$ cat coords.cif   # mmCIF, C-alpha atoms
data_data
loop_
_atom_site.label_atom_id
_atom_site.label_comp_id
_atom_site.auth_asym_id
_atom_site.auth_seq_id
_atom_site.Cartn_x
_atom_site.Cartn_y
_atom_site.Cartn_z
CA MET K 1 14.99 26.98 61.74
CA VAL K 2 15.65 27.54 65.47
CA GLU K 3 19.36 26.82 64.89
CA GLN K 4 19.48 29.43 62.08
CA LYS K 5 17.80 32.01 64.33
CA THR K 6 20.28 31.33 67.16
CA SER K 7 23.25 31.69 64.84
CA SER K 8 21.82 34.94 63.42
CA SER K 9 21.31 36.41 66.88
CA ARG K 10 24.82 35.28 67.89
CA SER K 11 26.21 37.10 64.86
CA ASP K 12 24.18 40.21 65.83
CA TYR K 13 25.86 40.19 69.24
CA VAL K 14 29.31 39.82 67.69
CA TRP K 15 28.59 42.90 65.56
CA LEU K 16 27.26 44.70 68.62
CA ILE K 17 30.56 44.08 70.43
CA LEU K 18 32.56 45.18 67.36
CA ARG K 19 30.40 48.31 67.02
CA ILE K 20 30.97 49.23 70.68
CA ALA K 21 34.72 48.49 70.39
CA ILE K 22 35.43 50.67 67.36
CA GLY K 23 33.05 53.35 68.61
CA PHE K 24 34.97 53.45 71.88
CA ILE K 25 38.39 53.51 70.15
CA PHE K 26 37.44 56.47 67.93
CA ALA K 27 35.70 58.38 70.72
CA TYR K 28 38.74 57.88 72.99
CA ALA K 29 41.17 58.92 70.24
CA GLY K 30 39.19 62.09 69.52
CA PHE K 31 38.77 62.98 73.19
CA MET K 32 42.47 62.56 73.97
CA LYS K 33 43.42 64.80 71.06
CA LEU K 34 40.85 67.43 72.00
CA ILE K 35 41.94 67.83 75.62
CA GLU K 36 45.56 68.40 74.58
CA PRO K 37 46.91 71.62 73.08
CA VAL K 38 46.05 71.52 69.37
CA GLU K 39 49.71 72.25 68.53
CA ASN K 40 50.64 68.68 69.61
CA PHE K 41 48.37 67.11 66.98
CA GLU K 42 49.42 69.72 64.41
CA ALA K 43 53.04 68.65 64.93
CA ALA K 44 52.06 64.98 64.56
CA ILE K 45 50.36 65.71 61.20
CA THR K 46 53.20 67.97 60.05
CA ASP K 47 55.60 65.03 60.60
CA PHE K 48 53.90 63.19 57.72
CA ASN K 49 55.10 65.97 55.38
CA LEU K 50 52.06 65.52 53.13
CA PHE K 51 49.89 68.57 53.80
CA SER K 52 50.25 72.32 53.50
CA PRO K 53 50.36 74.31 56.78
CA THR K 54 46.81 75.62 56.15
CA LEU K 55 45.48 72.11 55.68
CA VAL K 56 47.34 70.90 58.79
CA HIS K 57 45.72 73.75 60.73
CA TRP K 58 42.19 72.68 59.74
CA ILE K 59 42.74 68.91 59.96
CA ALA K 60 44.03 69.30 63.52
CA ARG K 61 40.93 71.26 64.50
CA ILE K 62 38.23 69.25 62.72
CA VAL K 63 39.26 65.56 62.64
CA PRO K 64 39.28 65.03 66.46
CA TRP K 65 35.69 66.32 66.71
CA ILE K 66 34.53 63.93 63.96
CA GLU K 67 36.33 61.09 65.75
CA LEU K 68 34.68 61.95 69.06
CA MET K 69 31.17 62.49 67.69
CA GLY K 70 31.28 59.61 65.19
CA GLY K 71 32.79 57.23 67.76
CA THR K 72 30.33 58.12 70.52
CA PHE K 73 27.32 57.92 68.20
CA LEU K 74 28.47 54.53 66.92
CA LEU K 75 29.13 53.28 70.45
CA LEU K 76 25.61 54.26 71.54
CA GLY K 77 24.00 53.32 68.25
CA TYR K 78 22.71 56.81 67.46
CA LEU K 79 22.39 57.46 63.69
CA PRO K 80 24.27 54.14 63.33
CA ARG K 81 24.58 54.14 59.54
CA ILE K 82 25.76 57.77 59.35
CA SER K 83 28.18 57.31 62.25
CA SER K 84 29.57 54.07 60.79
CA ALA K 85 30.05 55.91 57.47
CA ALA K 86 31.88 58.74 59.26
CA VAL K 87 34.09 56.33 61.24
CA GLY K 88 34.70 54.24 58.11
CA ALA K 89 35.71 57.32 56.10
CA LEU K 90 38.11 58.43 58.85
CA ALA K 91 39.56 54.91 59.17
CA PHE K 92 40.05 54.80 55.39
CA GLY K 93 41.81 58.18 55.47
CA PHE K 94 44.09 57.00 58.29
CA VAL K 95 44.85 53.76 56.41
CA VAL K 96 45.90 55.74 53.33
CA LEU K 97 47.94 58.20 55.41
CA LEU K 98 49.68 55.56 57.51
CA GLY K 99 50.18 53.34 54.45
CA MET K 100 51.90 56.19 52.60
CA SER K 101 53.94 56.91 55.70
CA VAL K 102 55.07 53.26 55.95
CA LEU K 103 55.97 53.21 52.24
CA THR K 104 57.76 56.56 52.11
CA GLY K 105 59.24 56.45 55.60
CA LYS K 106 57.85 59.95 56.29
CA GLY K 107 56.19 60.67 59.63
CA SER K 108 57.31 59.64 63.08
CA GLU K 109 57.24 56.03 64.28
CA SER K 110 54.62 56.97 66.90
CA CYS K 111 51.64 58.37 64.99
CA GLY K 112 50.05 60.47 67.76
CA CYS K 113 46.72 58.83 66.87
CA PHE K 114 45.49 58.79 70.48
CA GLY K 115 46.90 62.19 71.27
CA GLU K 116 50.37 62.45 72.69
CA SER K 117 49.45 61.38 76.21
CA GLY K 118 47.09 58.55 75.30
CA ILE K 119 47.86 54.92 74.44
CA LYS K 120 51.11 54.62 72.49
CA LEU K 121 50.84 52.47 69.38
CA SER K 122 53.39 52.24 66.60
CA ARG K 123 52.58 53.30 63.05
CA ASN K 124 52.31 49.67 61.90
CA GLN K 125 50.01 48.70 64.79
CA MET K 126 47.78 51.68 64.02
CA PHE K 127 47.72 50.75 60.35
CA ILE K 128 46.36 47.28 61.21
CA LEU K 129 43.87 48.72 63.73
CA ASP K 130 42.54 51.28 61.22
CA LEU K 131 42.31 48.68 58.47
CA GLY K 132 40.21 46.48 60.80
CA ALA K 133 38.09 49.48 61.83
CA PHE K 134 37.46 50.34 58.19
CA PHE K 135 36.14 46.84 57.37
CA ILE K 136 33.98 46.72 60.51
CA ALA K 137 32.53 50.19 59.80
CA PHE K 138 31.87 49.20 56.18
CA LYS K 139 29.98 46.05 57.27
CA LEU K 140 28.04 48.02 59.90
CA PHE K 141 27.04 50.58 57.27
CA ARG K 142 25.44 47.80 55.23
CA LYS K 143 23.46 46.41 58.20
CA ASN K 144 19.84 47.12 58.98
CA LYS K 145 19.68 45.77 62.51
CA PHE K 146 21.48 47.48 65.39
CA PRO K 147 20.73 45.63 68.65
CA CYS K 148 21.05 47.51 71.97
CA SER K 149 21.16 50.88 70.25
CA LEU K 150 19.68 54.31 70.91
CA HIS K 151 18.34 54.12 67.37
CA ASN K 152 16.15 51.13 68.28
CA ALA K 153 14.98 52.70 71.51
CA LEU K 154 14.04 55.98 69.82
CA THR K 155 12.34 54.54 66.74
CA ARG K 156 10.38 51.76 68.46
CA MET M 1 13.39 61.73 62.15
CA ASN M 2 11.12 62.35 65.14
CA LYS M 3 11.49 65.13 67.71
CA LYS M 4 12.73 62.75 70.42
CA TYR M 5 15.49 61.53 68.09
CA ALA M 6 16.66 65.06 67.26
CA LEU M 7 16.55 66.15 70.91
CA THR M 8 18.64 63.13 71.95
CA GLY M 9 21.22 64.04 69.32
CA PHE M 10 21.32 67.62 70.52
CA LEU M 11 21.80 66.49 74.13
CA LEU M 12 24.56 64.06 73.15
CA VAL M 13 26.47 66.78 71.28
CA ALA M 14 26.00 69.19 74.21
CA VAL M 15 27.32 66.61 76.72
CA LEU M 16 30.35 65.80 74.54
CA VAL M 17 31.26 69.43 73.89
CA THR M 18 30.87 70.31 77.59
CA SER M 19 33.03 67.36 78.71
CA VAL M 20 35.78 68.25 76.25
CA PHE M 21 35.93 71.88 77.40
CA ALA M 22 35.70 70.91 81.08
CA ALA M 23 38.54 68.37 80.70
CA LYS M 24 40.60 70.84 78.68
CA LYS M 25 40.18 73.43 81.42
CA ALA M 26 41.05 70.94 84.17
CA PHE M 27 44.30 69.86 82.46
CA HIS M 28 45.34 73.29 81.22
CA LYS M 29 48.23 75.01 82.95
CA GLU M 30 49.46 78.41 81.83
CA ALA M 31 53.14 78.51 80.86
CA THR M 32 54.91 81.23 82.79
CA PHE M 33 58.47 82.43 82.28
CA SER M 34 60.62 82.32 85.40
CA SER M 35 64.12 83.77 85.31
CA GLU M 36 65.46 81.00 87.55
CA GLY M 37 67.33 78.04 86.13
CA LYS M 38 69.15 77.73 82.82
CA VAL M 39 68.52 81.24 81.55
CA LYS M 40 70.51 83.60 79.33
CA GLY M 41 69.90 87.00 77.79
CA ASN M 42 68.52 90.35 78.83
CA PRO M 43 66.18 90.00 81.87
CA SER M 44 64.03 92.86 80.62
CA ALA M 45 63.89 91.52 77.05
CA LEU M 46 60.78 91.95 74.98
CA ILE M 47 60.80 88.34 73.79
CA LYS M 48 60.87 85.53 76.35
CA VAL M 49 61.59 82.08 74.97
CA SER M 50 61.19 78.99 77.09
CA THR M 51 62.28 75.83 75.35
CA TRP M 52 61.58 72.21 76.38
CA SER M 53 64.10 70.13 74.54
CA ASP M 54 65.84 66.80 74.28
CA PHE M 55 69.59 66.85 73.66
CA GLN M 56 69.36 63.87 71.28
CA CYS M 57 66.47 65.19 69.16
CA PRO M 58 67.57 66.59 65.76
CA SER M 59 64.71 69.15 65.58
CA CYS M 60 65.81 70.45 68.99
CA ALA M 61 69.35 70.96 67.64
CA MET M 62 67.91 72.98 64.75
CA ALA M 63 65.73 75.04 67.08
CA ALA M 64 68.73 75.69 69.36
CA LYS M 65 70.69 76.94 66.32
CA THR M 66 67.81 79.25 65.29
CA ILE M 67 67.62 80.70 68.82
CA HIS M 68 71.41 81.11 68.97
CA GLN M 69 71.51 82.99 65.65
CA PHE M 70 68.55 85.15 66.62
CA MET M 71 70.20 86.04 69.95
CA GLU M 72 73.42 86.99 68.17
CA ALA M 73 71.50 89.28 65.80
CA HIS M 74 69.27 90.78 68.53
CA PRO M 75 71.14 90.38 71.85
CA ASP M 76 68.99 92.75 73.92
CA THR M 77 65.62 91.68 72.59
CA VAL M 78 65.44 88.09 73.75
CA GLN M 79 65.83 86.05 76.92
CA VAL M 80 65.97 82.27 76.71
CA LYS M 81 65.33 79.52 79.21
CA PHE M 82 66.21 75.86 78.64
CA ASN M 83 64.17 73.09 80.25
CA HIS M 84 65.09 69.41 80.25
CA PHE M 85 62.70 67.12 78.43
CA PRO M 86 64.57 63.86 77.76
CA LEU M 87 62.57 61.48 75.59
CA GLN M 88 62.44 57.79 76.39
CA GLY M 89 62.99 56.68 72.80
CA HIS M 90 66.47 58.21 72.65
CA GLN M 91 69.26 55.99 73.92
CA HIS M 92 71.52 58.69 75.38
CA SER M 93 68.95 61.31 76.39
CA ARG M 94 69.07 60.45 80.08
CA ILE M 95 72.85 60.73 80.48
CA SER M 96 73.09 63.81 78.23
CA HIS M 97 70.54 65.68 80.35
CA ILE M 98 72.19 64.61 83.61
CA ALA M 99 75.45 65.95 82.14
CA GLY M 100 73.65 69.15 81.12
CA GLU M 101 72.26 69.58 84.61
CA CYS M 102 75.75 69.07 86.06
CA ALA M 103 77.12 71.71 83.67
CA HIS M 104 74.42 74.05 84.97
CA ARG M 105 75.25 73.32 88.60
CA LEU M 106 78.95 73.83 87.93
CA GLY M 107 78.36 77.16 86.25
CA ASN M 108 78.67 76.81 82.48
CA PHE M 109 75.51 75.30 81.07
CA TRP M 110 75.26 77.25 77.81
CA ALA M 111 78.77 76.45 76.55
CA PHE M 112 78.07 72.77 77.26
CA HIS M 113 74.59 73.03 75.66
CA ASP M 114 76.08 74.45 72.45
CA LYS M 115 78.75 71.74 72.27
CA VAL M 116 76.20 68.96 72.83
CA TYR M 117 73.90 70.24 70.07
CA ASP M 118 76.73 71.09 67.64
CA ASN M 119 78.12 67.56 67.95
CA GLN M 120 74.81 65.69 68.31
CA SER M 121 75.39 63.52 65.24
CA ILE M 122 78.73 62.34 66.69
CA TRP M 123 77.86 61.39 70.28
CA SER M 124 74.36 60.12 69.58
CA VAL M 125 75.75 57.12 67.64
CA MET M 126 78.33 56.21 70.30
CA GLN M 127 78.01 53.16 72.52
CA ASP M 128 78.62 55.25 75.64
CA PRO M 129 79.10 59.02 75.21
CA THR M 130 79.93 59.73 78.91
CA GLU M 131 83.66 60.33 78.22
CA THR M 132 82.72 62.69 75.38
CA PHE M 133 80.44 64.70 77.68
CA ILE M 134 83.28 64.90 80.21
CA ARG M 135 85.52 66.28 77.46
CA TYR M 136 82.86 68.83 76.40
CA ALA M 137 82.53 69.93 80.03
CA GLU M 138 86.32 70.34 80.32
CA GLU M 139 86.34 72.37 77.09
CA ALA M 140 83.58 74.53 78.59
CA GLY M 141 85.88 75.24 81.54
CA ILE M 142 84.18 72.96 84.07
CA PRO M 143 86.55 71.14 86.45
CA LYS M 144 86.66 67.45 85.44
CA SER M 145 86.63 65.99 88.96
CA ASP M 146 83.56 68.02 90.01
CA PHE M 147 81.74 67.11 86.79
CA VAL M 148 82.48 63.38 87.17
CA ALA M 149 81.33 63.48 90.81
CA CYS M 150 78.13 65.25 89.77
CA LEU M 151 77.36 62.67 87.06
CA SER M 152 77.06 59.95 89.69
CA ASP M 153 75.09 62.17 92.08
CA THR M 154 71.38 61.28 92.10
CA GLU M 155 70.44 64.94 92.72
CA ALA M 156 71.22 65.91 89.12
CA GLU M 157 69.04 63.12 87.76
CA LYS M 158 66.28 64.08 90.19
CA ALA M 159 66.40 67.68 88.95
CA VAL M 160 66.10 66.51 85.33
CA LEU M 161 63.15 64.30 86.21
CA LEU M 162 61.37 67.07 88.16
CA GLU M 163 61.78 69.41 85.20
CA LYS M 164 60.31 66.80 82.87
CA ILE M 165 57.35 66.34 85.22
CA GLU M 166 56.84 70.11 85.16
CA GLY M 167 56.79 69.94 81.35
CA THR M 168 54.29 67.07 81.40
CA LYS M 169 51.99 69.24 83.51
CA LEU M 170 52.13 71.77 80.67
CA GLN M 171 50.98 68.92 78.37
CA ILE M 172 54.32 68.78 76.63
CA GLU M 173 54.86 65.50 74.83
CA ARG M 174 56.94 66.39 71.80
CA THR M 175 60.25 68.13 71.47
CA PRO M 176 61.08 70.84 70.97
CA THR M 177 58.08 72.55 72.53
CA ILE M 178 58.85 76.24 72.69
CA PHE M 179 56.88 78.96 74.40
CA VAL M 180 57.50 82.34 72.79
CA ASN M 181 55.92 84.88 75.15
CA ALA M 182 53.60 82.07 76.34
CA GLU M 183 52.54 81.10 72.80
CA ARG M 184 53.17 77.41 72.21
CA LEU M 185 55.12 76.19 69.18
CA VAL M 186 55.67 72.47 68.72
CA GLY M 187 58.42 71.20 66.43
CA GLY M 188 60.28 74.46 65.91
CA LEU M 189 59.43 74.91 62.20
CA GLU M 190 57.70 78.25 62.72
CA LEU M 191 60.17 79.47 65.34
CA GLU M 192 62.22 81.84 63.17
CA ALA M 193 59.14 83.45 61.63
CA LYS M 194 57.55 83.82 65.07
CA LEU M 195 60.64 85.44 66.59
CA ASN M 196 60.98 87.84 63.65
CA SER M 197 57.32 88.80 63.88
CA LEU M 198 57.83 89.90 67.49
CA LEU M 199 60.77 92.17 66.78
CA PRO M 200 60.15 95.88 67.37
CA LYS M 201 59.81 97.93 64.15
CA GLU M 202 63.24 99.63 64.49
CA GLU M 203 65.04 96.29 64.77
CA LYS M 204 63.12 94.85 61.82
CA LYS M 205 64.26 97.81 59.70
CA GLU M 206 67.87 97.33 60.87
CA GLY M 207 67.70 93.68 59.86
CA GLU M 208 66.58 94.67 56.35
CA LYS M 209 69.75 96.72 55.74
CA PRO M 210 72.23 94.94 53.47
CA VAL M 211 75.14 93.38 55.35
CA GLY M 212 78.56 95.17 54.85
#

$ encode --input "coords.cif" --output "structure tokens"
Amino acid sequence: MVEQKTSSSRSDYVWLILRIAIGFIFAYAGFMKLIEPVENFEAAITDFNLFSPTLVHWIARIVPWIELMGGTFLLLGYLPRISSAAVGALAFGFVVLLGMSVLTGKGSESCGCFGESGIKLSRNQMFILDLGAFFIAFKLFRKNKFPCSLHNALTR
Amino acid sequence: MNKKYALTGFLLVAVLVTSVFAAKKAFHKEATFSSEGKVKGNPSALIKVSTWSDFQCPSCAMAAKTIHQFMEAHPDTVQVKFNHFPLQGHQHSRISHIAGECAHRLGNFWAFHDKVYDNQSIWSVMQDPTETFIRYAEEAGIPKSDFVACLSDTEAEKAVLLEKIEGTKLQIERTPTIFVNAERLVGGLELEAKLNSLLPKEEKKEGEKPVG
């Protein structure tokens, strides 16, 4: 019984670390894009050759804010299920986009995912990172317990 | 959801939005057009174009062609400035920009610039394009011995690097990044439409007349 409880709390802490990690990654990615001129991210999306100019315009202006808000909320554990759903949806979108880009060869080798001046990861590295983030966010969405979170502190 | 929960959310959003705008303001630097450096065209032109380009980037070659054609059609309306922005991912960017800087110092940058972009697909696949750049410089009327001496001079490379740092301060990361009267365009796709939209009415009408 005690052993089961210890293993369950150990697993909770693993999920806490994963929650903080993907929250941080998305918040950082959104922040880096937002402090740069929006035209840089627009050009990165245009490189994929998949969206109309109007869509590129709106994606470049909306996605970074969702990344920043969703990532920060997840990191702090505020509205954890909604924020994990938002981060999961974004990660899924990026997986599809990068997957199509790998298959079709469209888009530049550097995806501009962390803004142009942030960390430089290749398209394939980002694909793996987003795939991992999607599964983590999906698992978090199905959880009921969120240790060390604002949600716990505010609903106690 | 209780009041405390909603208030915390509101505060979080406020902090995030404020930090983004504060950071954006701290990093922002206004692009200004200075007539010093690699400049051509009418100094009192209505349209000022400042381009940050890499000699080995294909989109930059296309943008250079668009600017060239636009200048030929509207010679008095536009002034252009070229700024070095060699990208690390391109094998021959460094040497091509040093060569470009030497061409500028020896008095015929634009002829060299045109040759480098026109023949980009040829020299960019070479093992070492230095001899080709020397030939382009000679064809542009630059004395070979002076050009060769300049290529090994660290001052030219320093000038290229300083210009790239200046571009980085303007948050330039992709090429070509083009400022048309201080409005930023990245990638050059909208360049032609932007330039045409800035033409004075009379010139627009002239352009609509059938050729011949």

$ interface_residues --input "coords.cif" --of "chain K" --to "chain M" --cutoff "7 Å" --atoms "only C-alpha atoms" --output "ChimeraX atom specification"
/K:31,34-36,39-40,43,116-117,154

$ atom_distance --input "coords.cif" --atom1 "CA of Pro147 in chain K" --atom2 "CA of Gly77 in chain K"
8.4 Å

$ closest_residue --input "coords.cif" --among "M:Glu72, M:Glu202, M:Glu157, M:Glu138" --to "Ser93 in chain M" --atoms "all atoms listed in the file"
M:Glu157

$ atom_distance --input "coords.cif" --atom1 "CA of His113 in chain M" --atom2 "CA of Ala73 in chain M"
19.3 Å

$ resolve_selection --input "coords.cif" --expression "the PyMOL selection byres ((chain M and resi 79-82) around 7)" --output "PyMOL selection string"
chain M and resi 38-43+45+47-52+78+83-84

$ resolve_selection --input "coords.cif" --expression "the PyMOL selection byres ((chain M and resi 110) around 10)" --output "ChimeraX atom specification"
/M:38-40,82,100,103-104,107-109,111-116,140

$ residues_around --input "coords.cif" --residues "Ile128 in chain K" --least-positions-apart "2" --cutoff "12 Å" --atoms "all atoms listed in the file" --output "VMD selection string"
chain K and resid 91 to 92 94 to 96 98 to 99 102 121 to 126 130 to 135

$ residues_around --input "coords.cif" --residues "range 117-130 of chain M" --least-positions-apart "2" --cutoff "9 Å" --atoms "all atoms listed in the file" --output "MDAnalysis selection string"
chainID M and resid 55:58 60:62 64:65 90:93 95:96 99 112:115 132:135

$ atom_distance --input "coords.cif" --atom1 "CA of Ser84 in chain K" --atom2 "CA of Ile62 in chain K"
17.6 Å

$ closest_residue --input "coords.cif" --among "M:Arg94, M:Arg105, M:His68, M:His74" --to "Gly37 in chain M" --atoms "only C-alpha atoms"
M:Arg105

$ residues_around --input "coords.cif" --residues "Ile22 in chain K" --least-positions-apart "4" --cutoff "9 Å" --atoms "only C-alpha atoms" --output "PyMOL selection string"
chain K and resi 17-18+26-27+71+74-75+87+133+136-137

$ resolve_selection --input "coords.cif" --expression "the PyMOL selection byres ((chain K and resi 146) around 12)" --output "ChimeraX atom specification"
/K:9,11-20,74-81,84,139-145,147-153,155

$ write_last_selection --input "coords.cif" --atoms "C-alpha atoms" --output "PDB file, in the frame of the given file"
ATOM      1  CA  SER K   9      21.310  36.410  66.880  1.00  0.00           C
ATOM      2  CA  SER K  11      26.210  37.100  64.860  1.00  0.00           C
ATOM      3  CA  ASP K  12      24.180  40.210  65.830  1.00  0.00           C
ATOM      4  CA  TYR K  13      25.860  40.190  69.240  1.00  0.00           C
ATOM      5  CA  VAL K  14      29.310  39.820  67.690  1.00  0.00           C
ATOM      6  CA  TRP K  15      28.590  42.900  65.560  1.00  0.00           C
ATOM      7  CA  LEU K  16      27.260  44.700  68.620  1.00  0.00           C
ATOM      8  CA  ILE K  17      30.560  44.080  70.430  1.00  0.00           C
ATOM      9  CA  LEU K  18      32.560  45.180  67.360  1.00  0.00           C
ATOM     10  CA  ARG K  19      30.400  48.310  67.020  1.00  0.00           C
ATOM     11  CA  ILE K  20      30.970  49.230  70.680  1.00  0.00           C
ATOM     12  CA  LEU K  74      28.470  54.530  66.920  1.00  0.00           C
ATOM     13  CA  LEU K  75      29.130  53.280  70.450  1.00  0.00           C
ATOM     14  CA  LEU K  76      25.610  54.260  71.540  1.00  0.00           C
ATOM     15  CA  GLY K  77      24.000  53.320  68.250  1.00  0.00           C
ATOM     16  CA  TYR K  78      22.710  56.810  67.460  1.00  0.00           C
ATOM     17  CA  LEU K  79      22.390  57.460  63.690  1.00  0.00           C
ATOM     18  CA  PRO K  80      24.270  54.140  63.330  1.00  0.00           C
ATOM     19  CA  ARG K  81      24.580  54.140  59.540  1.00  0.00           C
ATOM     20  CA  SER K  84      29.570  54.070  60.790  1.00  0.00           C
ATOM     21  CA  LYS K 139      29.980  46.050  57.270  1.00  0.00           C
ATOM     22  CA  LEU K 140      28.040  48.020  59.900  1.00  0.00           C
ATOM     23  CA  PHE K 141      27.040  50.580  57.270  1.00  0.00           C
ATOM     24  CA  ARG K 142      25.440  47.800  55.230  1.00  0.00           C
ATOM     25  CA  LYS K 143      23.460  46.410  58.200  1.00  0.00           C
ATOM     26  CA  ASN K 144      19.840  47.120  58.980  1.00  0.00           C
ATOM     27  CA  LYS K 145      19.680  45.770  62.510  1.00  0.00           C
ATOM     28  CA  PRO K 147      20.730  45.630  68.650  1.00  0.00           C
ATOM     29  CA  CYS K 148      21.050  47.510  71.970  1.00  0.00           C
ATOM     30  CA  SER K 149      21.160  50.880  70.250  1.00  0.00           C
ATOM     31  CA  LEU K 150      19.680  54.310  70.910  1.00  0.00           C
ATOM     32  CA  HIS K 151      18.340  54.120  67.370  1.00  0.00           C
ATOM     33  CA  ASN K 152      16.150  51.130  68.280  1.00  0.00           C
ATOM     34  CA  ALA K 153      14.980  52.700  71.510  1.00  0.00           C
ATOM     35  CA  THR K 155      12.340  54.540  66.740  1.00  0.00           C
TER      36      THR K 155
END

$ residues_near_point --input "coords.cif" --point "(52.1, 58.9, 54.5)" --cutoff "12 Å" --atoms "all atoms listed in the file" --output "number ranges by chain"
K: 44-51, 93-109, 111, 123-124, 127

$ residues_around --input "coords.cif" --residues "Arg61 in chain K" --least-positions-apart "2" --cutoff "10 Å" --atoms "all atoms listed in the file" --output "list in words"
Lys33, Leu34, Val38, Glu39, Phe41, Glu42, Leu55, Val56, His57, Trp58, Ile59, Val63, Pro64, Trp65 and Ile66 of chain K
